[in-house]
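The data block below is coords.txt; it holds compact mmCIF, C-alpha atoms.
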```txt
# COMPACT_ATOMS: atom_id res chain seq x y z
CA MET A 1 0.00 0.00 0.00
CA TYR A 2 2.88 2.32 0.85
CA ARG A 3 4.45 1.70 -2.60
CA VAL A 4 1.18 2.59 -4.34
CA PHE A 5 0.94 5.81 -2.29
CA LEU A 6 4.53 6.78 -3.15
CA LEU A 7 4.01 6.01 -6.81
CA SER A 8 0.77 8.02 -6.89
CA LEU A 9 2.43 10.95 -5.15
CA PHE A 10 5.40 10.84 -7.52
CA VAL A 11 3.18 10.70 -10.60
CA ALA A 12 1.06 13.59 -9.33
CA VAL A 13 4.13 15.74 -8.71
CA GLN A 14 6.17 14.73 -11.74
CA PHE A 15 3.46 14.61 -14.37
CA THR A 16 1.74 17.84 -13.52
CA ALA A 17 3.22 19.37 -16.60
CA ALA A 18 2.93 23.09 -16.85
CA LEU A 19 2.22 24.72 -20.15
CA SER A 20 5.74 26.11 -19.99
CA ASP A 21 7.39 22.64 -19.83
CA THR A 22 9.69 22.00 -22.75
CA PRO A 23 9.76 18.62 -24.54
CA HIS A 24 13.10 17.96 -22.82
CA GLN A 25 11.56 18.56 -19.38
CA ILE A 26 8.65 16.22 -20.17
CA VAL A 27 11.05 13.46 -21.31
CA THR A 28 13.12 13.95 -18.12
CA LYS A 29 9.97 13.60 -16.00
CA TYR A 30 9.05 10.39 -17.86
CA LYS A 31 12.55 8.95 -17.35
CA ASN A 32 12.34 9.73 -13.62
CA TYR A 33 8.92 8.04 -13.43
CA HIS A 34 10.29 5.00 -15.30
CA THR A 35 13.26 4.75 -12.91
CA ILE A 36 11.01 4.94 -9.82
CA CYS A 37 8.65 2.23 -11.20
CA ASN A 38 11.57 -0.09 -11.95
CA GLY A 39 12.96 0.57 -8.48
CA LEU A 40 9.62 -0.44 -6.96
CA GLY A 41 9.76 -3.75 -8.83
CA TYR A 42 7.40 -3.06 -11.71
CA LYS A 43 8.56 -4.73 -14.89
CA GLU A 44 8.35 -3.36 -18.37
CA LYS A 45 6.38 -5.43 -20.91
CA SER A 46 6.95 -5.51 -24.62
CA CYS A 47 4.11 -4.26 -26.78
CA ALA A 48 5.24 -6.11 -29.94
CA ASN A 49 2.51 -8.76 -29.80
CA ASN A 50 0.74 -7.48 -26.68
CA GLY A 51 2.20 -10.42 -24.78
CA VAL A 52 -0.04 -12.92 -26.60
CA VAL A 53 1.43 -16.36 -27.23
CA ALA A 54 -0.92 -18.81 -28.96
CA PHE A 55 -0.82 -21.31 -31.81
CA GLN A 56 -3.15 -23.66 -33.68
CA ALA A 57 -1.63 -26.30 -35.96
CA LEU A 58 -3.76 -28.73 -37.95
CA LEU A 59 -2.96 -31.98 -39.67
CA GLN A 60 -4.06 -31.86 -43.32
CA ASN A 61 -2.27 -35.00 -44.52
CA ASP A 62 -2.90 -38.43 -43.01
CA ILE A 63 0.06 -40.12 -41.33
CA SER A 64 0.56 -43.89 -41.48
CA ASP A 65 3.09 -46.06 -39.68
CA LEU A 66 4.96 -43.30 -37.87
CA GLY A 67 8.10 -44.75 -36.24
CA THR A 68 8.60 -45.34 -32.54
CA TYR A 69 8.57 -42.08 -30.54
CA GLN A 70 8.55 -39.94 -33.69
CA THR A 71 7.30 -36.35 -33.69
CA VAL A 72 3.88 -35.72 -35.18
CA LYS A 73 4.34 -32.76 -37.51
CA PHE A 74 1.06 -30.88 -37.73
CA ASP A 75 1.49 -29.45 -41.20
CA THR A 76 -0.82 -26.43 -41.39
CA VAL A 77 -0.53 -23.45 -39.06
CA LYS A 78 -3.71 -21.40 -38.62
CA LEU A 79 -2.47 -19.20 -35.76
CA ASN A 80 1.06 -18.56 -34.47
CA GLU A 81 1.12 -15.47 -32.24
CA GLY A 82 4.59 -15.22 -30.73
CA SER A 83 6.00 -17.49 -33.51
CA GLY A 84 6.44 -20.43 -31.13
CA TYR A 85 5.29 -23.30 -33.37
CA ASP A 86 7.62 -24.57 -36.10
CA VAL A 87 5.77 -26.51 -38.81
CA LYS A 88 9.06 -28.04 -40.06
CA THR A 89 9.94 -29.67 -36.73
CA GLY A 90 6.44 -29.99 -35.22
CA LYS A 91 7.74 -28.43 -32.02
CA PHE A 92 6.60 -25.45 -29.96
CA THR A 93 9.38 -23.34 -28.45
CA ALA A 94 8.38 -21.05 -25.58
CA PRO A 95 9.18 -17.44 -26.53
CA GLU A 96 9.03 -16.46 -22.84
CA ASP A 97 8.77 -17.97 -19.35
CA GLY A 98 5.31 -18.91 -18.14
CA VAL A 99 2.61 -21.53 -17.78
CA TYR A 100 1.22 -22.80 -21.08
CA SER A 101 -1.92 -24.79 -21.82
CA PHE A 102 -1.71 -27.35 -24.65
CA SER A 103 -4.42 -29.43 -26.30
CA TRP A 104 -4.24 -32.06 -29.00
CA ASN A 105 -6.81 -34.16 -30.78
CA VAL A 106 -6.33 -37.39 -32.73
CA LEU A 107 -8.84 -38.99 -35.12
CA VAL A 108 -8.47 -42.64 -36.16
CA TYR A 109 -10.52 -44.99 -38.34
CA SER A 110 -11.95 -48.30 -37.20
CA GLY A 111 -9.25 -50.94 -37.07
CA LYS A 112 -6.49 -48.30 -36.65
CA GLU A 113 -4.69 -46.89 -33.62
CA PHE A 114 -2.57 -43.85 -32.88
CA HIS A 115 -1.35 -43.36 -29.32
CA THR A 116 0.45 -40.11 -28.58
CA GLU A 117 2.25 -38.35 -25.80
CA ILE A 118 3.17 -34.75 -25.17
CA VAL A 119 6.78 -34.23 -24.20
CA LYS A 120 8.69 -31.29 -22.76
CA ASN A 121 12.35 -31.32 -23.74
CA GLY A 122 12.03 -35.07 -24.40
CA ASN A 123 10.35 -35.95 -21.07
CA VAL A 124 6.81 -37.37 -21.18
CA VAL A 125 4.19 -35.11 -19.56
CA ALA A 126 0.95 -36.88 -20.57
CA LYS A 127 -0.43 -39.47 -23.00
CA ASN A 128 -3.42 -39.85 -25.31
CA TYR A 129 -4.97 -43.19 -26.30
CA ALA A 130 -6.87 -43.45 -29.59
CA ASP A 131 -7.64 -47.08 -30.43
CA GLY A 132 -10.07 -47.61 -33.30
CA ARG A 133 -9.61 -51.37 -33.14
CA ILE A 134 -12.57 -51.46 -30.76
CA LEU A 135 -14.90 -49.94 -33.39
CA LYS A 136 -17.13 -51.53 -35.99
CA SER A 137 -15.98 -51.09 -39.55
CA GLY A 138 -16.74 -47.68 -41.04
CA TYR A 139 -16.68 -45.75 -37.76
CA HIS A 140 -14.22 -43.17 -36.42
CA LEU A 141 -12.82 -42.47 -32.98
CA THR A 142 -11.42 -39.22 -31.65
CA SER A 143 -9.40 -38.67 -28.50
CA SER A 144 -8.33 -35.35 -26.98
CA SER A 145 -6.05 -34.28 -24.14
CA THR A 146 -5.19 -31.00 -22.44
CA VAL A 147 -2.26 -30.25 -20.12
CA ASN A 148 -0.76 -27.21 -18.44
CA ILE A 149 3.03 -27.02 -18.44
CA LYS A 150 5.38 -24.55 -16.76
CA MET A 151 8.08 -23.57 -19.24
CA LYS A 152 11.16 -21.41 -19.40
CA LYS A 153 12.06 -19.41 -22.49
CA ARG A 154 13.42 -21.65 -25.30
CA GLU A 155 12.11 -24.91 -23.78
CA GLN A 156 10.23 -27.12 -26.24
CA VAL A 157 7.01 -29.14 -26.26
CA TRP A 158 5.77 -31.49 -28.99
CA ILE A 159 3.49 -34.42 -29.70
CA ARG A 160 5.03 -37.76 -30.61
CA SER A 161 3.90 -41.32 -31.21
CA HIS A 162 3.84 -43.49 -28.12
CA ASN A 163 6.03 -46.55 -28.50
CA LYS A 164 5.07 -48.39 -31.73
CA HIS A 165 1.44 -47.24 -31.76
CA GLY A 166 1.64 -44.58 -34.46
CA ARG A 167 -0.29 -46.69 -36.99
CA TYR A 168 -2.69 -44.15 -38.50
CA ILE A 169 -3.88 -40.60 -37.79
CA HIS A 170 -6.43 -38.88 -40.00
CA GLY A 171 -5.74 -35.38 -41.31
CA SER A 172 -8.23 -33.08 -43.09
CA SER A 173 -8.05 -30.76 -40.02
CA TRP A 174 -9.60 -33.40 -37.72
CA SER A 175 -6.35 -33.83 -35.80
CA TYR A 176 -4.67 -30.80 -34.25
CA PHE A 177 -2.19 -29.42 -31.72
CA SER A 178 -2.73 -26.05 -30.05
CA GLY A 179 -1.49 -24.04 -27.12
CA PHE A 180 -1.41 -20.67 -25.43
CA LYS A 181 0.28 -18.89 -22.55
CA LEU A 182 -1.94 -18.50 -19.49
```
Please express the file's structure as structure tokens.
Amino acid sequence: MYRVFLLSLFVAVQFTAALSDTPHQIVTKYKNYHTICNGLGYKEKSCANNGVVAFQALLQNDISDLGTYQTVKFDTVKLNEGSGYDVKTGKFTAPEDGVYSFSWNVLVYSGKEFHTEIVKNGNVVAKNYADGRILKSGYHLTSSSTVNIKMKKREQVWIRSHNKHGRYIHGSSWSYFSGFKL
């Protein structure tokens, strides 16, 4: 409460610009205000993307027989605020520290399976089980998962096949990977 009072008092005194203030005096007052705020622990935020980090990547092309623990590369990016998702690698790289929420959806046909896991820097965080072998012929099965992961800048998260169960995943935008910073 004391810090808020001091800051309010400082702003009232420093930013009561008189009509006679020169541009140089106004800039000096701003710099003093900025120094006080930093000294009180307030951090400056970048306005480049308004702090928004979010992506939505879809799978357009079906994937069959993906190798053991191979990255699922969602091939079409619909949203990439903060430029964290790389369509070439299939990986999301955190542009800044924070807690991120990730979701992914997998669609399989009857008789097919595609088990996935989300990994952070190669360590499994959660798994998703989509087994269409339990379905009658001609049906589809979808399975979705959501996780929240604390990340540091430059850490990576991606979806990969679990073990040898990357048999078939349907594209046409039915399967996706998305995330955003909380």
Select, from A:Ile63, A:Val53, A:Ile134, A:Ile149, the residue with the minimum atom-to-atom distance to Leu79 (chain A), counting only C-alpha atoms.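 So, comparing all the options, the nearest one is A:Val53.
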Rank A:Gly82, A:Gly67, A:Gly122, A:Gly51 by their smallest atom-to-atom distance to Glu155 (chain A), using all atoms listed in the file, and report the top residue only.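 Of the candidates, the smallest distance to Glu155 (chain A) is held by A:Gly122.
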Atomic distance CA of Lys181 (chain A) - CA of Ser161 (chain A), expressed in Å with one decimal: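 So the answer is 24.3 Å.
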Identify which of the residues A:Ala94, A:Val119, A:Val106, A:Met151 lies closest to Asp62 (chain A), counting all atoms listed in the file when measuring atom-to-atom distances.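 Comparing A:Ala94, A:Val119, A:Val106, A:Met151 against Asp62 (chain A), the winner is A:Val106.
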What is the distance between CA of Ala57 (chain A) and CA of Ser175 (chain A), in Å to one decimal?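 Between CA of Ala57 (chain A) and CA of Ser175 (chain A) the gap is 8.9 Å.
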Set the distance at 7 Å and use only C-alpha atoms: which residues neighbour Lys112 (chain A) once local chain neighbours fewer than 3 positions away are removed? I'd like the list as a count of residues only. 7
Counting all atoms listed in the file, which of A:Tyr85, A:Tyr129, A:Tyr176, A:Phe55 gets nearest to Glu113 (chain A)?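 Checking each candidate against Glu113 (chain A), we get A:Tyr129 as the closest.
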Just the number, please: distance in Å from CA of Asn61 (chain A) to CA of Arg154 (chain A), one decimal. 28.2 Å
Compare A:Val124, A:Val77, A:Leu59, A:Leu135 by their minimum atom-to-atom distance to Val147 (chain A), counting only C-alpha atoms, and give me the closest one.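 Of A:Val124, A:Val77, A:Leu59, A:Leu135, the one nearest Val147 (chain A) is A:Val124, counting only C-alpha atoms.
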Selection near region 95-104 of chain A, 6 Å with all atoms listed in the file, sequence-local residues under 3 positions removed, as a list of chain:residue names: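 Answer for this query is A:Ser144, A:Ser145, A:Thr146, A:Val147, A:Asn148, A:Ile149, A:Lys150, A:Met151, A:Lys152, A:Lys153, A:Tyr176, A:Phe177, A:Ser178, A:Gly179, A:Phe180, A:Lys181, A:Leu182.
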Looking at A:Glu81, A:Leu107, A:Trp174, A:Glu117, which one is nearest to Ala130 (chain A), with distances taken over only C-alpha atoms? A:Leu107
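Excluding Ile159 (chain A) itself and same-chain residues fewer than 5 positions from it, the residues having an atom within 6 Å of it are Thr71, Val72, Glu117 and Ile118 of chain A, counting only C-alpha atoms.
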Filtering to C-alpha atoms, could you give me those residues as a PDB file, in the frame of the given file?
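Everything below was put into result.pdb:
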```pdb
ATOM      1  CA  THR A  71       7.300 -36.350 -33.690  1.00  0.00           C
ATOM      2  CA  VAL A  72       3.880 -35.720 -35.180  1.00  0.00           C
ATOM      3  CA  GLU A 117       2.250 -38.350 -25.800  1.00  0.00           C
ATOM      4  CA  ILE A 118       3.170 -34.750 -25.170  1.00  0.00           C
TER       5      ILE A 118
END
```
